[in-house]
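One file, start37.cif, carrying mmCIF, C-alpha atoms and all ligand atoms:
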data_protein
loop_
_atom_site.label_atom_id
_atom_site.label_comp_id
_atom_site.auth_asym_id
_atom_site.auth_seq_id
_atom_site.Cartn_x
_atom_site.Cartn_y
_atom_site.Cartn_z
CA MET A 2 0.00 0.00 0.00
CA ALA A 3 1.34 3.38 -0.96
CA ILE A 4 2.11 5.84 1.82
CA PHE A 5 1.08 9.32 0.94
CA TYR A 6 2.98 12.35 2.15
CA HIS A 7 0.33 14.87 2.86
CA PRO A 8 1.49 18.35 4.07
CA TYR A 9 -1.73 18.85 6.07
CA LEU A 10 -1.29 15.58 8.01
CA GLU A 11 2.41 16.35 8.64
CA THR A 12 1.57 19.77 10.12
CA ARG A 13 -1.10 18.20 12.36
CA ARG A 14 1.42 15.64 13.65
CA LEU A 15 3.93 18.39 14.38
CA LEU A 16 1.34 20.49 16.16
CA HIS A 17 0.30 17.49 18.21
CA LYS A 18 3.89 16.85 19.29
CA LEU A 19 4.31 20.50 20.20
CA LEU A 20 1.14 20.45 22.28
CA VAL A 21 2.29 17.37 24.21
CA MET A 22 5.69 18.97 24.89
CA LEU A 23 4.05 22.20 26.03
CA SER A 24 1.73 20.34 28.40
CA LEU A 25 4.67 18.44 29.87
CA CYS A 26 6.59 21.68 30.40
CA THR A 27 3.59 23.28 32.12
CA ILE A 28 3.15 20.27 34.42
CA CYS A 29 6.87 20.29 35.32
CA ALA A 30 6.89 24.03 35.98
CA SER A 31 3.75 23.81 38.16
CA LEU A 32 5.23 20.93 40.15
CA PHE A 33 8.48 22.81 40.63
CA TYR A 34 6.68 25.98 41.77
CA PHE A 35 4.27 24.13 44.04
CA LEU A 36 6.96 22.12 45.81
CA GLY A 37 9.24 25.14 46.15
CA GLY A 38 6.40 27.27 47.53
CA CYS A 39 5.40 24.64 50.10
CA CYS A 40 8.86 24.20 51.50
CA GLU A 41 9.58 27.89 51.70
CA THR A 42 6.52 29.32 53.35
CA ASP A 43 3.85 27.02 54.63
CA ILE A 44 4.88 27.01 58.24
CA VAL A 45 2.61 26.47 61.21
CA GLU A 46 3.25 29.50 63.27
CA ASN A 47 3.44 29.55 67.02
CA THR A 48 3.13 33.11 68.26
CA GLY A 49 4.53 32.15 71.61
CA LEU A 50 2.36 34.84 73.14
CA GLY A 51 0.25 32.74 75.43
CA GLN A 52 -2.89 32.82 73.36
CA SER A 53 -4.69 30.55 70.97
CA THR A 54 -3.51 32.12 67.76
CA GLN A 55 -1.74 29.25 66.06
CA LEU A 56 -2.38 30.00 62.44
CA PHE A 57 -1.30 28.70 59.11
CA PHE A 58 1.14 31.08 57.64
CA THR A 59 1.23 31.56 53.91
CA GLY A 60 4.08 34.03 53.96
CA ARG A 61 3.78 35.68 50.57
CA TYR A 62 3.76 39.30 51.61
CA HIS A 63 7.42 40.27 51.35
CA GLU A 64 6.86 43.66 53.03
CA LYS A 65 5.50 45.19 49.85
CA ASN A 66 2.92 47.24 51.73
CA VAL A 67 5.43 48.70 54.13
CA SER A 68 7.03 52.07 53.59
CA TYR A 69 10.42 52.59 55.17
CA ASP A 70 11.52 56.06 56.04
CA SER A 71 15.14 56.60 55.19
CA ASN A 72 16.12 57.96 58.53
CA PHE A 73 19.68 56.92 58.24
CA ILE A 74 21.95 58.82 55.94
CA ASN A 75 24.46 56.72 54.01
CA ALA A 76 22.17 53.75 54.31
CA PRO A 77 21.17 53.06 50.74
CA SER A 78 19.65 49.67 51.44
CA LEU A 79 17.35 51.18 54.05
CA ALA A 80 16.20 53.78 51.58
CA THR A 81 15.33 51.06 49.13
CA GLY A 82 13.10 49.39 51.63
CA SER A 83 15.12 46.65 53.26
CA PRO A 84 13.95 46.12 56.82
CA ASP A 85 17.42 45.25 58.06
CA ALA A 86 19.61 47.63 56.23
CA VAL A 87 21.34 49.03 59.27
CA GLY A 88 23.68 47.12 61.46
CA THR A 89 26.61 44.84 61.45
CA SER A 90 24.82 41.72 62.50
CA ALA A 91 21.12 42.30 61.98
CA ARG A 92 21.27 41.60 58.28
CA SER A 93 18.24 40.48 56.36
CA LEU A 94 17.55 36.81 56.98
CA GLU A 95 16.64 36.48 53.37
CA THR A 96 20.09 37.51 52.27
CA SER A 97 22.37 36.59 55.15
CA SER A 98 21.30 33.05 55.92
CA PRO A 99 19.44 31.59 52.98
CA GLY A 100 20.01 28.12 54.42
CA LYS A 101 17.88 29.03 57.44
CA ASP A 102 15.20 30.96 55.59
CA TRP A 103 12.85 27.98 55.52
CA ALA A 104 12.74 28.06 59.33
CA ALA A 105 11.86 31.75 59.55
CA ALA A 106 8.29 32.90 59.95
CA ARG A 107 6.36 36.08 60.43
CA ARG A 108 5.26 36.30 64.05
CA LEU A 109 3.40 38.86 66.12
CA PRO A 110 5.77 41.11 68.08
CA GLN A 111 7.00 40.20 71.56
CA ALA A 112 8.19 43.74 72.25
CA LEU A 113 6.98 47.19 71.25
CA ILE A 114 8.40 50.68 71.40
CA ILE A 115 5.19 52.52 72.26
CA GLY A 116 6.46 56.09 72.62
CA VAL A 117 6.91 58.83 73.14
CA LYS A 118 6.70 60.87 69.97
CA LYS A 119 9.96 62.83 69.50
CA GLY A 120 11.53 60.95 72.41
CA GLY A 121 14.25 59.27 70.33
CA THR A 122 12.25 56.21 69.26
CA ARG A 123 13.80 56.00 65.79
CA ALA A 124 17.33 56.10 67.18
CA LEU A 125 16.47 53.35 69.68
CA LEU A 126 14.91 51.11 67.04
CA GLU A 127 17.78 51.51 64.60
CA PHE A 128 20.35 50.86 67.34
CA LEU A 129 18.48 47.76 68.50
CA ARG A 130 18.57 46.39 64.98
CA LEU A 131 22.27 45.80 65.47
CA HIS A 132 21.35 42.87 67.67
CA PRO A 133 21.21 39.53 65.81
CA ASP A 134 18.36 38.36 68.04
CA ILE A 135 16.12 41.25 67.15
CA ARG A 136 13.98 41.52 64.04
CA ALA A 137 12.37 44.95 63.84
CA LEU A 138 9.94 46.44 61.37
CA GLY A 139 11.39 49.57 59.78
CA SER A 140 8.14 51.46 59.35
CA GLU A 141 5.50 52.49 61.91
CA PRO A 142 2.52 50.15 61.31
CA HIS A 143 0.07 52.12 63.54
CA PHE A 144 -1.88 48.91 63.99
CA PHE A 145 -3.30 49.43 67.49
CA ASP A 146 -4.21 53.08 66.98
CA ARG A 147 -5.28 53.36 63.31
CA HIS A 148 -5.49 50.00 61.58
CA TYR A 149 -6.90 47.76 64.28
CA ALA A 150 -9.88 46.79 62.13
CA ARG A 151 -7.49 45.10 59.69
CA GLY A 152 -6.97 42.33 62.22
CA LEU A 153 -4.02 40.44 63.65
CA ASN A 154 -3.29 38.53 60.44
CA TRP A 155 -2.69 41.78 58.63
CA TYR A 156 -0.49 42.98 61.49
CA ARG A 157 1.51 39.74 61.42
CA SER A 158 1.98 40.01 57.67
CA MET A 159 3.71 43.36 58.22
CA MET A 160 6.38 41.82 60.44
CA PRO A 161 9.77 40.74 59.16
CA LYS A 162 10.48 37.02 59.13
CA ALA A 163 12.17 35.79 62.29
CA LEU A 164 13.79 32.60 63.50
CA ASP A 165 12.83 30.87 66.75
CA GLY A 166 14.38 32.77 69.63
CA GLN A 167 14.56 36.07 67.77
CA ILE A 168 12.48 38.92 69.18
CA VAL A 169 10.11 40.58 66.74
CA MET A 170 9.38 44.24 67.39
CA GLU A 171 8.02 47.46 65.96
CA LYS A 172 7.73 51.06 67.04
CA THR A 173 4.73 53.37 66.83
CA PRO A 174 5.15 56.33 69.22
CA ARG A 175 1.47 57.27 69.08
CA TYR A 176 0.49 54.10 70.96
CA PHE A 177 1.55 55.66 74.27
CA VAL A 178 -1.10 58.40 74.09
CA THR A 179 -3.93 56.47 72.45
CA ALA A 180 -6.48 55.49 75.10
CA GLU A 181 -7.68 52.27 73.40
CA THR A 182 -4.20 50.89 72.78
CA PRO A 183 -3.31 49.24 76.15
CA ALA A 184 -6.45 47.04 76.10
CA ARG A 185 -5.84 46.05 72.48
CA ILE A 186 -2.22 45.13 73.07
CA TYR A 187 -3.21 43.21 76.18
CA ALA A 188 -5.75 41.25 74.13
CA MET A 189 -2.94 40.25 71.75
CA SER A 190 -0.43 39.38 74.46
CA LYS A 191 -0.37 39.70 78.23
CA GLU A 192 3.38 39.06 78.31
CA ILE A 193 4.47 41.64 75.78
CA LYS A 194 7.42 43.87 76.71
CA LEU A 195 6.82 47.58 76.36
CA ILE A 196 9.48 50.23 75.88
CA VAL A 197 8.92 53.96 76.29
CA VAL A 198 11.58 56.53 75.43
CA VAL A 199 10.89 59.59 77.55
CA ARG A 200 12.46 62.99 77.23
CA ASP A 201 12.02 66.31 79.06
CA PRO A 202 8.43 67.19 78.10
CA ILE A 203 9.40 70.80 77.31
CA THR A 204 12.14 69.84 74.83
CA ARG A 205 9.80 67.19 73.49
CA ALA A 206 7.06 69.79 72.92
CA ILE A 207 9.49 72.11 71.11
CA SER A 208 10.73 69.18 69.01
CA ASP A 209 7.12 68.33 68.15
CA TYR A 210 6.41 71.95 67.22
CA THR A 211 9.58 72.06 65.09
CA GLN A 212 8.29 69.09 63.13
CA ILE A 213 4.80 70.61 62.75
CA ILE A 214 6.15 73.97 61.53
CA SER A 215 8.43 72.23 59.03
CA LYS A 216 5.27 70.90 57.37
CA THR A 217 2.94 73.87 57.97
CA PRO A 218 5.15 76.99 58.13
CA ASP A 219 2.25 79.46 58.53
CA ILE A 220 1.15 78.40 62.01
CA PRO A 221 1.50 80.79 65.00
CA SER A 222 4.57 80.78 67.23
CA PHE A 223 5.20 78.12 69.89
CA GLU A 224 4.68 80.78 72.55
CA THR A 225 1.26 81.70 71.18
CA LEU A 226 0.04 78.11 70.84
CA THR A 227 1.26 77.15 74.32
CA PHE A 228 -1.32 79.35 76.04
CA LYS A 229 -5.06 79.30 76.17
CA ASN A 230 -4.78 82.77 77.58
CA ARG A 231 -1.28 84.25 77.60
CA THR A 232 -2.03 87.23 79.86
CA MET A 233 -3.48 84.87 82.44
CA GLY A 234 -0.58 82.48 81.90
CA GLN A 235 -3.05 79.64 81.30
CA ILE A 236 -1.40 76.72 79.49
CA ASP A 237 -3.36 74.98 76.75
CA ALA A 238 -3.05 71.43 78.07
CA LEU A 239 -5.08 70.14 75.14
CA TRP A 240 -2.60 71.37 72.54
CA SER A 241 -1.03 68.11 71.37
CA PRO A 242 2.66 69.10 71.90
CA ILE A 243 1.83 69.98 75.53
CA TRP A 244 -0.65 67.15 76.15
CA ILE A 245 1.67 64.34 74.99
CA GLY A 246 4.25 65.40 77.62
CA MET A 247 1.85 64.81 80.52
CA TYR A 248 3.37 61.35 80.86
CA ALA A 249 1.78 60.34 84.18
CA GLN A 250 -1.72 60.68 82.82
CA HIS A 251 -0.93 58.43 79.83
CA LEU A 252 1.05 55.92 81.88
CA GLU A 253 -1.91 55.42 84.20
CA LYS A 254 -3.83 53.80 81.34
CA TRP A 255 -1.00 51.33 80.70
CA LEU A 256 -0.60 50.41 84.35
CA ALA A 257 -4.26 49.40 84.42
CA TYR A 258 -3.26 46.47 82.15
CA PHE A 259 0.45 45.82 82.54
CA PRO A 260 2.65 45.48 85.65
CA PRO A 261 5.57 47.96 85.95
CA SER A 262 8.02 45.08 85.37
CA GLN A 263 6.75 44.83 81.78
CA ILE A 264 7.39 48.50 80.98
CA HIS A 265 10.92 49.78 80.46
CA PHE A 266 11.69 53.49 80.29
CA VAL A 267 14.59 54.69 78.18
CA HIS A 268 16.05 58.01 79.29
CA GLY A 269 15.86 60.08 76.10
CA GLU A 270 18.63 62.51 77.09
CA ARG A 271 20.97 59.65 78.05
CA LEU A 272 20.19 57.88 74.77
CA ILE A 273 22.07 60.81 73.22
CA SER A 274 24.85 61.24 75.81
CA ASP A 275 25.42 57.51 76.49
CA PRO A 276 23.67 55.36 73.86
CA ALA A 277 25.56 52.19 74.81
CA GLY A 278 24.53 52.56 78.48
CA GLU A 279 20.85 52.89 77.60
CA LEU A 280 21.06 50.08 75.03
CA GLY A 281 22.67 47.84 77.67
CA LYS A 282 19.61 48.26 79.91
CA VAL A 283 17.20 47.63 77.04
CA GLN A 284 19.03 44.42 76.11
CA ASP A 285 18.78 43.27 79.76
CA PHE A 286 15.07 44.09 79.81
CA LEU A 287 14.54 42.04 76.64
CA GLY A 288 16.51 39.16 78.14
CA LEU A 289 19.19 39.42 75.45
CA GLN A 290 22.93 39.12 75.62
CA ARG A 291 24.59 42.57 75.73
CA ILE A 292 25.92 42.60 72.19
CA ILE A 293 25.39 46.29 71.38
CA THR A 294 28.12 48.16 73.22
CA ASP A 295 30.04 51.44 72.98
CA LYS A 296 32.11 49.87 70.19
CA HIS A 297 29.13 50.39 67.89
CA PHE A 298 28.84 54.16 68.34
CA TYR A 299 30.78 57.32 67.66
CA PHE A 300 29.80 60.93 68.25
CA ASN A 301 29.35 62.81 64.98
CA LYS A 302 30.28 66.44 65.70
CA THR A 303 28.57 67.82 62.59
CA LYS A 304 25.33 66.04 63.38
CA GLY A 305 25.67 66.67 67.11
CA PHE A 306 24.42 63.16 67.87
CA PRO A 307 25.75 59.65 68.29
CA CYS A 308 25.87 57.67 65.05
CA LEU A 309 26.65 54.09 64.15
CA LYS A 310 30.16 53.11 63.16
CA LYS A 311 30.63 51.54 59.77
CA PRO A 312 28.93 48.22 59.37
CA GLU A 313 30.88 45.23 58.07
CA GLY A 314 31.66 45.44 54.40
CA SER A 315 30.97 49.17 54.19
CA SER A 316 33.19 52.16 54.69
CA LYS A 317 30.27 54.48 55.45
CA PRO A 318 29.08 55.30 58.97
CA HIS A 319 25.38 55.72 59.70
CA CYS A 320 23.67 58.74 61.22
CA LEU A 321 19.96 59.36 61.49
CA GLY A 322 18.58 61.47 58.63
CA LYS A 323 17.94 65.19 58.61
CA THR A 324 14.44 64.96 60.14
CA LYS A 325 16.11 63.74 63.34
CA GLY A 326 18.16 66.26 65.28
CA ARG A 327 16.57 69.38 63.82
CA THR A 328 17.51 72.86 65.03
CA HIS A 329 14.84 74.07 67.46
CA PRO A 330 13.50 77.64 67.45
CA LYS A 331 14.54 79.84 70.37
CA ILE A 332 11.69 80.06 72.87
CA ASP A 333 11.01 82.99 75.20
CA PRO A 334 12.63 82.06 78.58
CA LYS A 335 9.53 83.29 80.44
CA VAL A 336 7.40 80.77 78.53
CA ILE A 337 9.92 78.04 79.32
CA GLN A 338 9.70 78.94 83.02
CA ARG A 339 5.90 78.82 82.89
CA LEU A 340 6.08 75.39 81.25
CA LYS A 341 8.49 74.19 83.96
CA ASP A 342 5.96 75.19 86.62
CA PHE A 343 3.19 73.53 84.64
CA TYR A 344 5.00 70.21 84.14
CA HIS A 345 6.55 70.04 87.64
CA PRO A 346 3.68 68.15 89.38
CA HIS A 347 3.13 65.94 86.31
CA ASN A 348 6.81 65.02 86.24
CA LEU A 349 6.91 64.24 89.97
CA LYS A 350 3.90 61.97 89.61
CA PHE A 351 5.51 60.30 86.61
CA TYR A 352 8.81 59.68 88.49
CA GLN A 353 6.82 58.04 91.25
CA MET A 354 4.86 55.83 88.88
CA ALA A 355 7.91 54.90 86.79
CA GLY A 356 10.04 54.32 89.90
CA GLN A 357 12.84 56.59 88.72
CA ASP A 358 13.77 60.25 88.72
CA PHE A 359 14.55 61.52 85.22
CA GLY A 360 15.92 64.80 86.56
CA TRP A 361 13.95 67.22 84.41
CA GLN A 362 13.89 70.59 86.17
N1 LIG A 401 21.38 59.37 67.58
C1 LIG A 401 20.42 60.27 67.32
N2 LIG A 401 20.41 60.94 66.15
C2 LIG A 401 19.43 61.85 65.90
N3 LIG A 401 18.42 62.15 66.76
C3 LIG A 401 18.41 61.49 67.93
C4 LIG A 401 19.40 60.54 68.26
N4 LIG A 401 19.12 60.07 69.50
C5 LIG A 401 18.03 60.70 69.92
N5 LIG A 401 17.60 61.56 68.98
C6 LIG A 401 16.42 62.41 69.13
O1 LIG A 401 15.34 61.79 68.51
C7 LIG A 401 14.37 62.80 68.29
C8 LIG A 401 13.31 62.30 67.36
O2 LIG A 401 12.56 61.39 68.09
P1 LIG A 401 11.73 60.23 67.43
O3 LIG A 401 12.61 59.40 66.58
O4 LIG A 401 11.04 59.53 68.54
O5 LIG A 401 10.71 61.03 66.54
S1 LIG A 401 9.35 60.50 65.93
O6 LIG A 401 8.36 60.52 66.99
O7 LIG A 401 9.57 59.15 65.38
O8 LIG A 401 9.02 61.48 64.88
C9 LIG A 401 15.19 63.95 67.74
O9 LIG A 401 14.49 65.14 68.05
P2 LIG A 401 14.91 66.55 67.40
O10 LIG A 401 16.27 66.85 67.94
O11 LIG A 401 13.92 67.52 67.87
O12 LIG A 401 14.89 66.38 65.91
C10 LIG A 401 16.52 63.79 68.48
O13 LIG A 401 16.71 64.74 69.49
#

Taking this structure as input, can you express it in the form of structure tokens?
Ligand SMILES: Nc1ncnc2c1ncn2[C@@H]1O[C@H](COP(=O)(O)OS(=O)(=O)O)[C@@H](OP(=O)(O)O)[C@H]1O
Amino acid sequence: MAIFYHPYLETRRLLHKLLVMLSLCTICASLFYFLGGCCETDIVENTGLGQSTQLFFTGRYHEKNVSYDSNFINAPSLATGSPDAVGTSARSLETSSPGKDWAAARRLPQALIIGVKKGGTRALLEFLRLHPDIRALGSEPHFFDRHYARGLNWYRSMMPKALDGQIVMEKTPRYFVTAETPARIYAMSKEIKLIVVVRDPITRAISDYTQIISKTPDIPSFETLTFKNRTMGQIDALWSPIWIGMYAQHLEKWLAYFPPSQIHFVHGERLISDPAGELGKVQDFLGLQRIITDKHFYFNKTKGFPCLKKPEGSSKPHCLGKTKGRTHPKIDPKVIQRLKDFYHPHNLKFYQMAGQDFGWQ
């Protein structure tokens, strides 16, 4: 029987072969992707926070929703959004120990820097990131004050991946003055460790005002805004820069939920004059080995603040960016004196509640 060569049949055979090969490729690729995805991210997460929140973790967020403020100069990787750009040892898990990445998971934080605004919270967070046992979120998630309705799974997805034994933390200075926050944090974890950086409330208020005026230059002077009635010398205690500094009144709300042993106060002025000393106490409070020491800091005369020495593999030192350590306006000494009188009883009450004298006059 004669075999006919028919171009139409030949093309059909070729197309058929191609289709089979394509299907095989698709199956292989899907298998490869599926197996890879499973091994990398599907981890049963134990929050370790004494509550029933064991959840399946899908881990496909990669911090894409998080904005990092580039508060460190000469820290290009921070500016590009890496959560662990600063520090000699706190390198990104994803890049520094790929072999261990499979064991890392996103967990809810075990420690929080809750305040105070303009206290030195950014400096503290960035210094703490030097510790290999700390994994800190670079941005301020504002979960307990603004985004609570998004739920704990959203909050967890914001956190950097951490290995067992590493402490996950974030900082949002507004938590300290938000009335609903202590109860919400308590509902997440009764054992959480809370850190508050406090600074002389008058300097803090001026720092706050300096930030406000940098964004809205047309507002009245600090002196004007400080008073409800200047001739009567009546302070406007509801003006946010003044109100935030009434620490005792805010602390009361936290002590209704957490024992004093769970709240650590960082002395904001000493964080500038002796960063290693303050960091030593924070590491003790967190139950960590004292790894961050004075070897990590140098005083930058131009900046007027302590900065980080060069990290491994880089010749550039790290200072906080220009929004930290701004020049403050000169305030009328009479207004300062009036503020001292105003804050005096609040400060005394705060020293008593915190169990330490911060020495603000
Ligand atoms: N090492 C170092 N470098 C720069 N600045 C430092 C440092 N340590 C503490 N500070 C003080 O931190 C103040 C800003 O506080 P915060 O980071 O808490 O501000 S914020 O609430 O997050 O906006 C900032 O306030 P201003 O001086 O008013 O800018 C600083 O005084």

Exercise for the section: Could I get the residue neighbourhood of ligand LIG 401 (chain A) at 6 Å, counting all atoms listed in the file, as a list in words? Expected result: Lys118, Lys119, Gly120, Gly121, Thr122, Arg123, Ala124, Pro174, Ser208, Leu272, Ile273, Phe306, Pro307, Cys308, Leu321, Thr324, Lys325, Gly326 and Arg327 of chain A

Output for the residues just chosen: C-alpha atoms as a PDB file, in the frame of the given file:
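Final file, part-v2.pdb:
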ATOM      1  CA  LYS A 118       6.700  60.870  69.970  1.00  0.00           C
ATOM      2  CA  LYS A 119       9.960  62.830  69.500  1.00  0.00           C
ATOM      3  CA  GLY A 120      11.530  60.950  72.410  1.00  0.00           C
ATOM      4  CA  GLY A 121      14.250  59.270  70.330  1.00  0.00           C
ATOM      5  CA  THR A 122      12.250  56.210  69.260  1.00  0.00           C
ATOM      6  CA  ARG A 123      13.800  56.000  65.790  1.00  0.00           C
ATOM      7  CA  ALA A 124      17.330  56.100  67.180  1.00  0.00           C
ATOM      8  CA  PRO A 174       5.150  56.330  69.220  1.00  0.00           C
ATOM      9  CA  SER A 208      10.730  69.180  69.010  1.00  0.00           C
ATOM     10  CA  LEU A 272      20.190  57.880  74.770  1.00  0.00           C
ATOM     11  CA  ILE A 273      22.070  60.810  73.220  1.00  0.00           C
ATOM     12  CA  PHE A 306      24.420  63.160  67.870  1.00  0.00           C
ATOM     13  CA  PRO A 307      25.750  59.650  68.290  1.00  0.00           C
ATOM     14  CA  CYS A 308      25.870  57.670  65.050  1.00  0.00           C
ATOM     15  CA  LEU A 321      19.960  59.360  61.490  1.00  0.00           C
ATOM     16  CA  THR A 324      14.440  64.960  60.140  1.00  0.00           C
ATOM     17  CA  LYS A 325      16.110  63.740  63.340  1.00  0.00           C
ATOM     18  CA  GLY A 326      18.160  66.260  65.280  1.00  0.00           C
ATOM     19  CA  ARG A 327      16.570  69.380  63.820  1.00  0.00           C
TER      20      ARG A 327
END

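Across the model, the gap from atom CA of Pro276 of chain A to atom CA of Leu125 of chain A is 8.6 Å.
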
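Distances here use all atoms listed in the file; by that measure, the residue among A:Val169, A:Leu138, A:Ala112, A:Ile220 closest to Lys191 of chain A is A:Ala112.
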
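Among the candidates A:Thr328, A:Gln263, A:Ser241, A:Thr232, the residue lying nearest to Gln111 of chain A is A:Gln263 (atoms considered: only C-alpha atoms).
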
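Atom pair atom CA of Arg339 of chain A / atom CA of Gly234 of chain A: separated by 7.5 Å.
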
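Taking only C-alpha atoms into account, those protein, DNA and RNA residues with any atom at most 9 Å away from (12.0, 36.7, 71.8) amount to Gly49, Pro110, Gln111, Ala112, Asp134, Ile135, Asp165, Gly166, Gln167, Ile168, Val169, Leu287, Gly288 and Leu289 of chain A.
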
Problem - Neighbour residues at most 7 Å from (2.3, 77.7, 78.9) (only C-alpha atoms) as a PyMOL selection string - result: chain A and resi 227-228+234-237+336+339-340

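Across the model, the gap from atom CA of Gln250 of chain A to atom CA of Glu192 of chain A is 22.7 Å.
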
Exercise for the section: Find the residues near His143 of chain A: any atom within 8 Å, counting only C-alpha atoms, skip ones fewer than 2 places away on the same chain, and give them as a ChimeraX atom specification. Expected result: /A:141,145-148,173,175-176

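Minimum distance to Arg231 of chain A across A:Thr182, A:Lys335, A:Lys304, A:Lys350 (counting only C-alpha atoms) occurs at A:Lys335.
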